[in-house]
>>> print(open('input_13.pdb').read())   # PDB, C-alpha atoms and all ligand atoms
ATOM      1  CA  MET D  43     -74.928 -95.859 -55.011
ATOM      2  CA  VAL D  44     -76.644 -92.667 -56.152
ATOM      3  CA  LYS D  45     -73.424 -91.468 -57.803
ATOM      4  CA  LYS D  46     -73.139 -94.702 -59.771
ATOM      5  CA  LYS D  47     -76.697 -94.429 -61.056
ATOM      6  CA  GLU D  48     -76.131 -90.830 -62.165
ATOM      7  CA  ALA D  49     -72.958 -91.808 -63.957
ATOM      8  CA  LEU D  50     -74.866 -94.425 -65.924
ATOM      9  CA  ILE D  51     -77.623 -92.014 -66.935
ATOM     10  CA  ASP D  52     -75.108 -89.358 -67.911
ATOM     11  CA  VAL D  53     -73.584 -91.370 -70.732
ATOM     12  CA  ASN D  54     -74.040 -89.579 -74.042
ATOM     13  CA  PRO D  55     -73.202 -92.039 -76.794
ATOM     14  CA  ILE D  56     -71.945 -90.528 -80.023
ATOM     15  CA  HIS D  57     -72.035 -92.722 -83.104
ATOM     16  CA  VAL D  58     -69.909 -92.393 -86.202
ATOM     17  CA  VAL D  59     -72.632 -93.336 -88.680
ATOM     18  CA  TRP D  60     -70.444 -92.669 -91.682
ATOM     19  CA  GLU D  61     -66.984 -91.318 -92.340
ATOM     20  CA  GLY D  62     -67.311 -87.674 -91.264
ATOM     21  CA  ILE D  63     -70.868 -87.955 -89.965
ATOM     22  CA  LEU D  64     -71.666 -88.112 -86.238
ATOM     23  CA  LEU D  65     -74.991 -88.988 -84.653
ATOM     24  CA  LEU D  66     -75.799 -87.880 -81.137
ATOM     25  CA  PRO D  67     -79.159 -89.059 -79.816
ATOM     26  CA  VAL D  68     -80.277 -86.770 -77.005
ATOM     27  CA  TYR D  69     -82.899 -88.184 -74.693
ATOM     28  CA  GLY D  70     -84.422 -87.680 -71.288
ATOM     29  CA  VAL D  71     -83.797 -84.587 -69.262
ATOM     30  CA  ILE D  72     -81.264 -82.004 -70.350
ATOM     31  CA  ASP D  73     -80.239 -79.967 -67.350
ATOM     32  CA  SER D  74     -77.335 -77.539 -67.322
ATOM     33  CA  LYS D  75     -74.775 -80.220 -66.422
ATOM     34  CA  ARG D  76     -75.997 -82.606 -69.093
ATOM     35  CA  GLY D  77     -76.075 -79.821 -71.680
ATOM     36  CA  GLN D  78     -72.487 -78.991 -70.862
ATOM     37  CA  ASP D  79     -71.465 -82.676 -70.969
ATOM     38  CA  ILE D  80     -73.087 -83.189 -74.356
ATOM     39  CA  MET D  81     -71.407 -80.088 -75.739
ATOM     40  CA  GLU D  82     -67.962 -81.124 -74.477
ATOM     41  CA  SER D  83     -68.077 -84.738 -75.569
ATOM     42  CA  MET D  84     -69.391 -83.761 -78.969
ATOM     43  CA  LEU D  85     -66.699 -81.164 -79.608
ATOM     44  CA  GLU D  86     -64.026 -83.662 -78.595
ATOM     45  CA  LYS D  87     -65.476 -86.274 -80.902
ATOM     46  CA  ILE D  88     -65.537 -83.820 -83.800
ATOM     47  CA  VAL D  89     -61.799 -83.312 -83.392
ATOM     48  CA  ASP D  90     -61.068 -87.015 -82.844
ATOM     49  CA  THR D  91     -62.993 -88.166 -85.895
ATOM     50  CA  GLN D  92     -62.545 -85.027 -88.021
ATOM     51  CA  SER D  93     -66.254 -85.084 -88.679
ATOM     52  CA  LYS D  94     -67.967 -82.480 -90.827
ATOM     53  CA  VAL D  95     -71.641 -83.101 -90.139
ATOM     54  CA  ILE D  96     -73.266 -83.662 -86.737
ATOM     55  CA  ILE D  97     -76.797 -84.922 -86.331
ATOM     56  CA  LEU D  98     -78.412 -84.103 -83.002
ATOM     57  CA  ASP D  99     -81.517 -86.275 -82.693
ATOM     58  CA  ILE D 100     -83.861 -84.874 -80.024
ATOM     59  CA  LEU D 101     -86.839 -87.197 -80.487
ATOM     60  CA  GLY D 102     -86.361 -88.674 -77.019
ATOM     61  CA  VAL D 103     -86.048 -85.518 -74.959
ATOM     62  CA  ALA D 104     -88.486 -85.067 -72.091
ATOM     63  CA  THR D 105     -89.198 -81.407 -72.873
ATOM     64  CA  VAL D 106     -87.791 -78.633 -74.969
ATOM     65  CA  ASP D 107     -88.320 -75.605 -72.782
ATOM     66  CA  SER D 108     -86.463 -72.359 -73.411
ATOM     67  CA  ALA D 109     -83.428 -73.453 -71.382
ATOM     68  CA  VAL D 110     -83.094 -76.727 -73.314
ATOM     69  CA  ALA D 111     -83.553 -74.867 -76.607
ATOM     70  CA  ASN D 112     -80.837 -72.463 -75.510
ATOM     71  CA  HIS D 113     -78.502 -75.426 -74.893
ATOM     72  CA  LEU D 114     -79.257 -76.828 -78.338
ATOM     73  CA  ILE D 115     -78.626 -73.476 -80.003
ATOM     74  CA  LYS D 116     -75.313 -73.124 -78.181
ATOM     75  CA  ILE D 117     -74.259 -76.641 -79.175
ATOM     76  CA  THR D 118     -74.963 -75.928 -82.842
ATOM     77  CA  GLN D 119     -73.058 -72.631 -82.626
ATOM     78  CA  ALA D 120     -70.050 -74.375 -81.101
ATOM     79  CA  THR D 121     -70.030 -77.036 -83.818
ATOM     80  CA  LYS D 122     -70.073 -74.272 -86.459
ATOM     81  CA  LEU D 123     -67.033 -72.705 -84.829
ATOM     82  CA  MET D 124     -65.283 -76.058 -85.183
ATOM     83  CA  GLY D 125     -65.995 -76.021 -88.884
ATOM     84  CA  ALA D 126     -68.733 -78.638 -88.784
ATOM     85  CA  ASP D 127     -72.408 -78.408 -89.681
ATOM     86  CA  CYS D 128     -75.119 -79.416 -87.249
ATOM     87  CA  ILE D 129     -78.529 -80.836 -88.109
ATOM     88  CA  ILE D 130     -81.197 -81.200 -85.421
ATOM     89  CA  SER D 131     -83.562 -84.063 -86.166
ATOM     90  CA  GLY D 132     -86.412 -85.746 -84.356
ATOM     91  CA  ILE D 133     -88.597 -82.636 -84.272
ATOM     92  CA  SER D 134     -91.903 -84.322 -83.465
ATOM     93  CA  PRO D 135     -95.195 -82.483 -84.092
ATOM     94  CA  ALA D 136     -95.402 -81.945 -80.316
ATOM     95  CA  ILE D 137     -91.947 -80.396 -80.165
ATOM     96  CA  ALA D 138     -92.584 -78.243 -83.248
ATOM     97  CA  GLN D 139     -95.852 -76.866 -81.902
ATOM     98  CA  THR D 140     -94.387 -76.213 -78.470
ATOM     99  CA  LEU D 141     -91.385 -74.362 -79.898
ATOM    100  CA  VAL D 142     -93.624 -72.152 -82.034
ATOM    101  CA  SER D 143     -95.936 -71.246 -79.142
ATOM    102  CA  LEU D 144     -93.064 -70.677 -76.768
ATOM    103  CA  GLY D 145     -91.604 -68.302 -79.309
ATOM    104  CA  ILE D 146     -88.330 -70.059 -79.886
ATOM    105  CA  SER D 147     -86.768 -69.474 -83.234
ATOM    106  CA  LEU D 148     -84.141 -72.020 -84.086
ATOM    107  CA  GLY D 149     -82.997 -69.387 -86.553
ATOM    108  CA  ASP D 150     -80.500 -70.677 -89.005
ATOM    109  CA  VAL D 151     -80.221 -74.059 -87.303
ATOM    110  CA  GLU D 152     -80.797 -76.831 -89.844
ATOM    111  CA  THR D 153     -83.745 -78.958 -88.681
ATOM    112  CA  GLN D 154     -85.361 -82.126 -89.958
ATOM    113  CA  ALA D 155     -88.429 -84.046 -88.844
ATOM    114  CA  THR D 156     -86.874 -87.498 -88.948
ATOM    115  CA  LEU D 157     -83.463 -89.025 -88.488
ATOM    116  CA  LYS D 158     -83.813 -90.528 -91.971
ATOM    117  CA  ASP D 159     -84.231 -87.081 -93.530
ATOM    118  CA  ALA D 160     -81.284 -85.781 -91.515
ATOM    119  CA  LEU D 161     -79.072 -88.626 -92.683
ATOM    120  CA  GLU D 162     -80.091 -88.040 -96.290
ATOM    121  CA  ASN D 163     -79.273 -84.360 -95.875
ATOM    122  CA  ALA D 164     -75.933 -85.203 -94.253
ATOM    123  CA  PHE D 165     -74.983 -87.428 -97.200
ATOM    124  CA  LYS D 166     -75.868 -84.563 -99.547
ATOM    125  CA  MET D 167     -73.725 -82.154 -97.562
ATOM    126  CA  MET D 168     -70.822 -84.594 -97.838
ATOM    127  CA  ASP D 169     -71.386 -84.970-101.584
ATOM    128  CA  LEU D 170     -72.323 -88.610-101.068
ATOM    129  CA  LYS D 171     -75.076 -90.470-102.877
ATOM    130  CA  VAL D 172     -76.821 -93.658-101.835
ATOM    131  CA  ILE D 173     -77.856 -95.786-104.784
ATOM    132  CA  GLU D 174     -79.603 -99.120-105.132
ATOM    133  CA  THR D 175     -77.111-101.689-106.343
ATOM    134  CA  ASN D 176     -79.335-103.213-109.032
ATOM    135  CA  GLN D 177     -80.029 -99.721-110.357
ATOM    136  CA  ALA D 178     -76.324 -99.056-110.474
ATOM    137  CA  VAL D 179     -75.835-102.117-112.643
ATOM    138  CA  VAL D 180     -78.530-100.980-115.068
ATOM    139  CA  GLY D 181     -77.186 -97.410-115.170
TER     140      GLY D 181
ATOM    141  CA  MET Y 171     -99.893 -83.332 -56.096
ATOM    142  CA  HIS Y 172     -97.102 -81.308 -54.573
ATOM    143  CA  ILE Y 173     -93.447 -81.168 -55.628
ATOM    144  CA  LYS Y 174     -90.852 -79.213 -53.734
ATOM    145  CA  ILE Y 175     -88.261 -77.468 -55.884
ATOM    146  CA  ILE Y 176     -84.951 -77.662 -54.086
ATOM    147  CA  GLU Y 177     -82.483 -78.888 -56.680
ATOM    148  CA  GLU Y 178     -82.347 -78.905 -60.457
ATOM    149  CA  THR Y 179     -83.446 -82.533 -60.734
ATOM    150  CA  ASP Y 180     -86.779 -81.543 -59.163
ATOM    151  CA  ILE Y 181     -87.606 -79.778 -62.441
ATOM    152  CA  ALA Y 182     -87.454 -83.155 -64.191
ATOM    153  CA  LYS Y 183     -89.777 -84.555 -61.542
ATOM    154  CA  VAL Y 184     -92.283 -81.803 -62.305
ATOM    155  CA  VAL Y 185     -92.088 -82.539 -66.037
ATOM    156  CA  GLN Y 186     -92.682 -86.240 -65.472
ATOM    157  CA  ASP Y 187     -95.563 -85.803 -63.017
ATOM    158  CA  VAL Y 188     -97.283 -83.208 -65.188
ATOM    159  CA  MET Y 189     -97.021 -85.513 -68.234
ATOM    160  CA  ILE Y 190     -98.638 -88.331 -66.272
ATOM    161  CA  ALA Y 191    -101.372 -86.115 -64.810
ATOM    162  CA  ALA Y 192    -102.130 -84.617 -68.235
ATOM    163  CA  SER Y 193    -102.328 -88.003 -69.921
ATOM    164  CA  GLU Y 194    -104.645 -89.348 -67.197
ATOM    165  CA  ILE Y 195    -107.022 -86.432 -67.767
ATOM    166  CA  GLY Y 196    -107.072 -87.291 -71.468
ATOM    167  CA  PHE Y 197    -104.847 -84.664 -73.065
ATOM    168  CA  ASN Y 198    -103.213 -85.854 -76.278
ATOM    169  CA  LYS Y 199     -99.436 -86.236 -76.681
ATOM    170  CA  THR Y 200     -98.912 -82.723 -78.040
ATOM    171  CA  LYS Y 201    -100.956 -81.120 -75.259
ATOM    172  CA  GLN Y 202     -99.126 -83.202 -72.636
ATOM    173  CA  PHE Y 203     -95.861 -81.937 -74.035
ATOM    174  CA  ILE Y 204     -97.103 -78.332 -74.101
ATOM    175  CA  ILE Y 205     -98.329 -78.385 -70.487
ATOM    176  CA  ALA Y 206     -95.143 -80.104 -69.280
ATOM    177  CA  THR Y 207     -93.025 -77.488 -71.045
ATOM    178  CA  ALA Y 208     -94.961 -74.662 -69.389
ATOM    179  CA  ALA Y 209     -94.550 -76.345 -66.000
ATOM    180  CA  SER Y 210     -90.854 -76.797 -66.706
ATOM    181  CA  GLU Y 211     -90.465 -73.055 -67.361
ATOM    182  CA  LEU Y 212     -92.109 -72.160 -64.053
ATOM    183  CA  ALA Y 213     -90.194 -74.773 -62.070
ATOM    184  CA  ARG Y 214     -86.948 -73.604 -63.605
ATOM    185  CA  ASN Y 215     -87.706 -69.972 -62.788
ATOM    186  CA  ILE Y 216     -88.251 -70.988 -59.157
ATOM    187  CA  PHE Y 217     -84.946 -72.857 -59.117
ATOM    188  CA  VAL Y 218     -82.988 -70.076 -60.847
ATOM    189  CA  TYR Y 219     -84.489 -66.950 -59.283
ATOM    190  CA  ALA Y 220     -85.959 -68.018 -55.945
ATOM    191  CA  ARG Y 221     -83.674 -71.037 -55.246
ATOM    192  CA  LYS Y 222     -86.588 -72.970 -53.806
ATOM    193  CA  GLY Y 223     -90.345 -73.161 -53.902
ATOM    194  CA  ASP Y 224     -93.331 -75.363 -54.612
ATOM    195  CA  ILE Y 225     -95.231 -76.717 -57.587
ATOM    196  CA  TYR Y 226     -98.810 -77.931 -57.165
ATOM    197  CA  ILE Y 227    -100.537 -80.008 -59.824
ATOM    198  CA  LYS Y 228    -104.329 -80.117 -59.644
ATOM    199  CA  ASP Y 229    -107.010 -81.815 -61.707
ATOM    200  CA  LEU Y 230    -109.796 -79.451 -62.678
ATOM    201  CA  ASN Y 231    -113.398 -80.489 -62.997
ATOM    202  CA  VAL Y 232    -115.692 -77.494 -63.224
ATOM    203  CA  ASN Y 233    -119.280 -78.310 -64.218
ATOM    204  CA  GLY Y 234    -118.021 -81.318 -66.133
ATOM    205  CA  ARG Y 235    -115.259 -79.318 -67.773
ATOM    206  CA  LYS Y 236    -111.941 -81.040 -67.280
ATOM    207  CA  GLY Y 237    -108.511 -79.524 -67.168
ATOM    208  CA  LEU Y 238    -105.210 -79.264 -65.402
ATOM    209  CA  GLU Y 239    -103.987 -76.500 -63.150
ATOM    210  CA  ILE Y 240    -100.412 -75.860 -62.107
ATOM    211  CA  ILE Y 241     -99.423 -73.462 -59.368
ATOM    212  CA  ALA Y 242     -95.849 -72.297 -58.928
ATOM    213  CA  GLU Y 243     -95.155 -70.580 -55.656
ATOM    214  CA  ASP Y 244     -92.032 -69.226 -54.046
ATOM    215  CA  GLN Y 245     -90.932 -66.894 -51.289
ATOM    216  CA  GLY Y 246     -88.057 -65.580 -53.367
ATOM    217  CA  PRO Y 247     -87.100 -62.030 -54.346
ATOM    218  CA  GLY Y 248     -90.260 -61.374 -56.347
ATOM    219  CA  ILE Y 249     -90.444 -59.567 -59.684
ATOM    220  CA  ALA Y 250     -90.013 -55.795 -59.639
ATOM    221  CA  ASN Y 251     -91.687 -55.169 -62.986
ATOM    222  CA  VAL Y 252     -94.122 -57.916 -63.901
ATOM    223  CA  LYS Y 253     -95.183 -56.171 -67.111
ATOM    224  CA  LEU Y 254     -91.587 -56.159 -68.308
ATOM    225  CA  ALA Y 255     -91.002 -59.780 -67.225
ATOM    226  CA  LEU Y 256     -93.934 -60.781 -69.432
ATOM    227  CA  GLU Y 257     -92.356 -59.238 -72.504
ATOM    228  CA  ASP Y 258     -90.528 -61.450 -74.979
ATOM    229  CA  ASN Y 259     -86.759 -61.552 -74.642
ATOM    230  CA  TYR Y 260     -86.699 -59.738 -71.297
ATOM    231  CA  SER Y 261     -84.323 -61.466 -68.926
ATOM    232  CA  THR Y 262     -82.305 -60.347 -65.927
ATOM    233  CA  THR Y 263     -79.914 -63.212 -66.655
ATOM    234  CA  GLU Y 264     -78.443 -64.292 -69.947
ATOM    235  CA  SER Y 265     -81.186 -66.713 -70.875
ATOM    236  CA  LEU Y 266     -83.749 -66.268 -73.652
ATOM    237  CA  GLY Y 267     -86.363 -64.360 -71.650
ATOM    238  CA  ILE Y 268     -89.324 -66.165 -73.134
ATOM    239  CA  GLY Y 269     -90.195 -68.418 -70.191
ATOM    240  CA  LEU Y 270     -93.042 -66.314 -68.822
ATOM    241  CA  PRO Y 271     -94.497 -64.918 -72.079
ATOM    242  CA  GLY Y 272     -94.069 -68.344 -73.691
ATOM    243  CA  THR Y 273     -95.846 -70.085 -70.818
ATOM    244  CA  LYS Y 274     -98.698 -67.598 -71.179
ATOM    245  CA  ARG Y 275     -98.995 -68.474 -74.873
ATOM    246  CA  LEU Y 276     -98.814 -72.217 -74.236
ATOM    247  CA  MET Y 277    -101.609 -72.244 -71.662
ATOM    248  CA  ASP Y 278    -105.307 -71.204 -71.719
ATOM    249  CA  GLU Y 279    -105.124 -69.222 -68.486
ATOM    250  CA  PHE Y 280    -102.222 -67.472 -66.819
ATOM    251  CA  LYS Y 281    -102.263 -65.471 -63.595
ATOM    252  CA  ILE Y 282     -99.263 -63.956 -61.882
ATOM    253  CA  GLU Y 283     -98.900 -62.256 -58.523
ATOM    254  CA  SER Y 284     -95.523 -61.070 -57.384
ATOM    255  CA  GLU Y 285     -94.246 -58.774 -54.702
ATOM    256  CA  VAL Y 286     -90.655 -57.696 -54.224
ATOM    257  CA  GLY Y 287     -89.213 -59.235 -51.086
ATOM    258  CA  LYS Y 288     -92.219 -61.530 -50.631
ATOM    259  CA  GLY Y 289     -92.256 -63.899 -53.565
ATOM    260  CA  THR Y 290     -94.097 -64.993 -56.667
ATOM    261  CA  ARG Y 291     -97.196 -67.061 -57.329
ATOM    262  CA  ILE Y 292     -98.136 -68.126 -60.837
ATOM    263  CA  ASN Y 293    -101.255 -70.031 -61.715
ATOM    264  CA  ILE Y 294    -101.715 -71.671 -65.116
ATOM    265  CA  LYS Y 295    -104.562 -73.744 -66.544
ATOM    266  CA  LYS Y 296    -105.211 -75.851 -69.601
ATOM    267  CA  TRP Y 297    -108.711 -77.027 -70.493
ATOM    268  CA  LEU Y 298    -109.358 -80.310 -72.233
ATOM    269  CA  ASP Y 299    -112.150 -78.973 -74.456
ATOM    270  CA  LEU Y 300    -110.270 -75.940 -75.775
TER     271      LEU Y 300
HETATM  272  N1  LIG W 401     -90.021 -66.961 -59.646
HETATM  273  C1  LIG W 401     -89.362 -65.825 -59.934
HETATM  274  N2  LIG W 401     -88.828 -65.056 -58.955
HETATM  275  C2  LIG W 401     -88.168 -63.921 -59.237
HETATM  276  N3  LIG W 401     -87.994 -63.431 -60.494
HETATM  277  C3  LIG W 401     -88.490 -64.156 -61.520
HETATM  278  C4  LIG W 401     -89.189 -65.388 -61.306
HETATM  279  N4  LIG W 401     -89.572 -65.859 -62.514
HETATM  280  C5  LIG W 401     -89.135 -64.977 -63.429
HETATM  281  N5  LIG W 401     -88.480 -63.950 -62.852
HETATM  282  C6  LIG W 401     -87.910 -62.753 -63.532
HETATM  283  O1  LIG W 401     -88.562 -62.564 -64.764
HETATM  284  C7  LIG W 401     -87.616 -62.575 -65.835
HETATM  285  C8  LIG W 401     -88.214 -63.222 -67.071
HETATM  286  O2  LIG W 401     -88.417 -64.622 -66.844
HETATM  287  P1  LIG W 401     -88.510 -65.604 -68.078
HETATM  288  O3  LIG W 401     -89.535 -65.079 -69.014
HETATM  289  O4  LIG W 401     -88.698 -66.981 -67.563
HETATM  290  O5  LIG W 401     -87.108 -65.455 -68.791
HETATM  291  P2  LIG W 401     -85.654 -65.965 -68.331
HETATM  292  O6  LIG W 401     -85.841 -66.967 -67.231
HETATM  293  O7  LIG W 401     -85.086 -66.561 -69.556
HETATM  294  O8  LIG W 401     -84.923 -64.737 -67.871
HETATM  295  C9  LIG W 401     -86.399 -63.281 -65.294
HETATM  296  O9  LIG W 401     -85.206 -62.886 -65.944
HETATM  297  C10 LIG W 401     -86.426 -62.885 -63.822
HETATM  298  O10 LIG W 401     -85.836 -61.638 -63.620
HETATM  299 MG    MG W 402     -87.190 -68.556 -67.250
END
>>> encode(input="input_13.pdb", output="structure tokens")
Amino acid sequence: MVKKKEALIDVNPIHVVWEGILLLPVYGVIDSKRGQDIMESMLEKIVDTQSKVIILDILGVATVDSAVANHLIKITQATKLMGADCIISGISPAIAQTLVSLGISLGDVETQATLKDALENAFKMMDLKVIETNQAVVG
Amino acid sequence: MHIKIIEETDIAKVVQDVMIAASEIGFNKTKQFIIATAASELARNIFVYARKGDIYIKDLNVNGRKGLEIIAEDQGPGIANVKLALEDNYSTTESLGIGLPGTKRLMDEFKIESEVGKGTRINIKKWLDL
């Protein structure tokens, strides 16, 4: 019974939001097992889908303490090694302030406040442009 | 409130209970997050370095001044050099080494007592009016 419940919570859905762009919403508690699971499933998905940009949305995480931040940094490093770029989005004001006070530098990790900004950035990285159809007609 | 730290999932329990306690006192979302993160660091240190221990969450009300106090206590190996442990990036494992100094920065008050072979007791406070 307990096992079953854990298995359900442990699901880390990864969405292909566009050709070559993956979205991984991270929520709840990230312990060492979960961090490892997320890393593994994401790396597999990168290979499977040949994705180039990964968006890690952390808006729903319970806390970003130094151990969780360390997991996130490692995940972004691993994606780089696979030849993909990683954007962390969902940095709420609370998360931003906590990270600064804690003294965590996300260094050269690409970060974005909202998922919308991250997606826009991802399109740019893929040399894609979203245009309004009626504008396209005029242009 | 008292939470025993025995397994890793107990850290999540601490985070959740501290969030609730902080919100009931009237701390805003950012402050709730900050206090919960500090508590998470201390709970995790207990789990990693002492294997087991206790977290106490207490409401503070001193002359009408409200706040939240968290005590992390263990009978683990203790810290040989507390001064060093409070420095940024000092870690005896391969983690970031900012748990203790970071917690000190996140909170208004921070007190640590540790004795090798006896254990560690850390006391942190956040005041609502600060
Ligand atoms: N409860 C504890 N019992 C024993 N040693 C501890 C405890 N908490 C912290 N330490 C020691 O202090 C060091 C610094 O802790 P911290 O700042 O949280 O960084 P980190 O956990 O990343 O190493 C740890 O590496 C460990 O050696
Ligand atoms: Mg620590």
>>> residues_near_ligand(input="input_13.pdb", ligand="ligand LIG 401 (chain W)", cutoff="10 Å", atoms="only C-alpha atoms and all ligand atoms", output="ChimeraX atom specification")
/D:108-109,112 /Y:211-223,242-274,282,284-292
>>> resolve_selection(input="input_13.pdb", expression="the ChimeraX specification (/Y :<8) & /D", output="PDB file with C-alpha atoms, in the frame of the given file")
ATOM      1  CA  VAL D  71     -83.797 -84.587 -69.262  1.00  0.00           C
ATOM      2  CA  ASP D  73     -80.239 -79.967 -67.350  1.00  0.00           C
ATOM      3  CA  ALA D 104     -88.486 -85.067 -72.091  1.00  0.00           C
ATOM      4  CA  THR D 105     -89.198 -81.407 -72.873  1.00  0.00           C
ATOM      5  CA  VAL D 106     -87.791 -78.633 -74.969  1.00  0.00           C
ATOM      6  CA  ASP D 107     -88.320 -75.605 -72.782  1.00  0.00           C
ATOM      7  CA  SER D 108     -86.463 -72.359 -73.411  1.00  0.00           C
ATOM      8  CA  ALA D 109     -83.428 -73.453 -71.382  1.00  0.00           C
ATOM      9  CA  ASN D 112     -80.837 -72.463 -75.510  1.00  0.00           C
ATOM     10  CA  PRO D 135     -95.195 -82.483 -84.092  1.00  0.00           C
ATOM     11  CA  ALA D 136     -95.402 -81.945 -80.316  1.00  0.00           C
ATOM     12  CA  ILE D 137     -91.947 -80.396 -80.165  1.00  0.00           C
ATOM     13  CA  GLN D 139     -95.852 -76.866 -81.902  1.00  0.00           C
ATOM     14  CA  THR D 140     -94.387 -76.213 -78.470  1.00  0.00           C
ATOM     15  CA  SER D 143     -95.936 -71.246 -79.142  1.00  0.00           C
ATOM     16  CA  LEU D 144     -93.064 -70.677 -76.768  1.00  0.00           C
ATOM     17  CA  GLY D 145     -91.604 -68.302 -79.309  1.00  0.00           C
ATOM     18  CA  ILE D 146     -88.330 -70.059 -79.886  1.00  0.00           C
TER      19      ILE D 146
END
>>> atom_distance(input="input_13.pdb", atom1="CA of Met168 (chain D)", atom2="CA of Ile63 (chain D)")
8.6 Å
>>> atom_distance(input="input_13.pdb", atom1="CA of Ile240 (chain Y)", atom2="CA of Ile294 (chain Y)")
5.3 Å
>>> residues_around(input="input_13.pdb", residues="region 91-99 of chain D", least_positions_apart="4", cutoff="6 Å", atoms="all atoms listed in the file", output="list in words")
Gly62, Ile63, Leu64, Leu65, Leu66, Pro67, Val68, Lys87, Ala126, Asp127, Cys128, Ile129, Ile130, Ser131 and Gly132 of chain D
>>> residues_around(input="input_13.pdb", residues="Met124 (chain D)", least_positions_apart="6", cutoff="9 Å", atoms="all atoms listed in the file", output="PyMOL selection string")
chain D and resi 85+88-89+94
>>> closest_residue(input="input_13.pdb", among="Y:Asp224, Y:Ile175, Y:Lys296, Y:Lys281", to="Glu239 (chain Y)", atoms="only C-alpha atoms")
Y:Lys296
>>> closest_residue(input="input_13.pdb", among="D:Val110, D:Asn54, D:Met167, D:Asp79", to="ligand MG 402 (chain W)", atoms="all atoms listed in the file")
D:Val110
>>> atom_distance(input="input_13.pdb", atom1="CA of His172 (chain Y)", atom2="CA of Arg235 (chain Y)")
22.5 Å
>>> residues_around(input="input_13.pdb", residues="Ile115 (chain D)", least_positions_apart="3", cutoff="8 Å", atoms="all atoms listed in the file", output="ChimeraX atom specification")
/D:111-112,118-119,148,151
>>> closest_residue(input="input_13.pdb", among="D:Ser83, D:Gln78, D:Gln154, D:Asn163", to="Leu114 (chain D)", atoms="only C-alpha atoms")
D:Gln78
>>> residues_around(input="input_13.pdb", residues="Tyr69 (chain D)", least_positions_apart="5", cutoff="7 Å", atoms="only C-alpha atoms", output="PyMOL selection string")
chain D and resi 100+102-104
>>> axis_aligned_box(input="input_13.pdb", around="region 263-269 of chain Y", padding_each_side="4 Å", output="lines of an AutoDock Vina configuration file")
center_x = -84.3
center_y = -65.8
center_z = -70.2
size_x = 19.8
size_y = 13.2
size_z = 15.0
>>> resolve_selection(input="input_13.pdb", expression="the PyMOL selection byres (((chain Y and resi 226-229) around 8) and not hetatm)", output="number ranges by chain")
Y: 171-173, 188, 191, 195, 224-225, 230-231, 236-242
>>> build_atoms(input="input_13.pdb", residues="region 90-99 of chain D", atoms="N, CA, C and O atoms", output="PDB file, in the coordinates of the input")
ATOM      1  N   ASP D  90     -61.592 -85.642 -82.752  1.00  0.00           N
ATOM      2  CA  ASP D  90     -61.068 -87.015 -82.844  1.00  0.00           C
ATOM      3  C   ASP D  90     -61.354 -87.658 -84.196  1.00  0.00           C
ATOM      4  O   ASP D  90     -60.525 -88.371 -84.756  1.00  0.00           O
ATOM      5  N   THR D  91     -62.571 -87.460 -84.685  1.00  0.00           N
ATOM      6  CA  THR D  91     -62.993 -88.166 -85.895  1.00  0.00           C
ATOM      7  C   THR D  91     -62.927 -87.277 -87.133  1.00  0.00           C
ATOM      8  O   THR D  91     -63.224 -87.732 -88.227  1.00  0.00           O
ATOM      9  N   GLN D  92     -62.584 -86.004 -86.925  1.00  0.00           N
ATOM     10  CA  GLN D  92     -62.545 -85.027 -88.021  1.00  0.00           C
ATOM     11  C   GLN D  92     -63.859 -85.016 -88.795  1.00  0.00           C
ATOM     12  O   GLN D  92     -63.876 -84.982 -90.031  1.00  0.00           O
ATOM     13  N   SER D  93     -64.945 -85.043 -88.047  1.00  0.00           N
ATOM     14  CA  SER D  93     -66.254 -85.084 -88.679  1.00  0.00           C
ATOM     15  C   SER D  93     -66.670 -83.715 -89.183  1.00  0.00           C
ATOM     16  O   SER D  93     -66.255 -82.686 -88.674  1.00  0.00           O
ATOM     17  N   LYS D  94     -67.518 -83.722 -90.198  1.00  0.00           N
ATOM     18  CA  LYS D  94     -67.967 -82.480 -90.827  1.00  0.00           C
ATOM     19  C   LYS D  94     -69.450 -82.212 -90.610  1.00  0.00           C
ATOM     20  O   LYS D  94     -69.902 -81.082 -90.729  1.00  0.00           O
ATOM     21  N   VAL D  95     -70.208 -83.282 -90.366  1.00  0.00           N
ATOM     22  CA  VAL D  95     -71.641 -83.101 -90.139  1.00  0.00           C
ATOM     23  C   VAL D  95     -72.055 -83.814 -88.844  1.00  0.00           C
ATOM     24  O   VAL D  95     -71.697 -84.969 -88.620  1.00  0.00           O
ATOM     25  N   ILE D  96     -72.803 -83.107 -88.001  1.00  0.00           N
ATOM     26  CA  ILE D  96     -73.266 -83.662 -86.737  1.00  0.00           C
ATOM     27  C   ILE D  96     -74.782 -83.682 -86.735  1.00  0.00           C
ATOM     28  O   ILE D  96     -75.416 -82.659 -86.986  1.00  0.00           O
ATOM     29  N   ILE D  97     -75.341 -84.837 -86.454  1.00  0.00           N
ATOM     30  CA  ILE D  97     -76.797 -84.922 -86.331  1.00  0.00           C
ATOM     31  C   ILE D  97     -77.157 -85.047 -84.860  1.00  0.00           C
ATOM     32  O   ILE D  97     -76.702 -85.954 -84.166  1.00  0.00           O
ATOM     33  N   LEU D  98     -77.952 -84.091 -84.396  1.00  0.00           N
ATOM     34  CA  LEU D  98     -78.412 -84.103 -83.002  1.00  0.00           C
ATOM     35  C   LEU D  98     -79.869 -84.548 -83.032  1.00  0.00           C
ATOM     36  O   LEU D  98     -80.738 -83.789 -83.461  1.00  0.00           O
ATOM     37  N   ASP D  99     -80.140 -85.775 -82.628  1.00  0.00           N
ATOM     38  CA  ASP D  99     -81.517 -86.275 -82.693  1.00  0.00           C
ATOM     39  C   ASP D  99     -82.199 -86.081 -81.347  1.00  0.00           C
ATOM     40  O   ASP D  99     -81.803 -86.674 -80.347  1.00  0.00           O
TER      41      ASP D  99
END
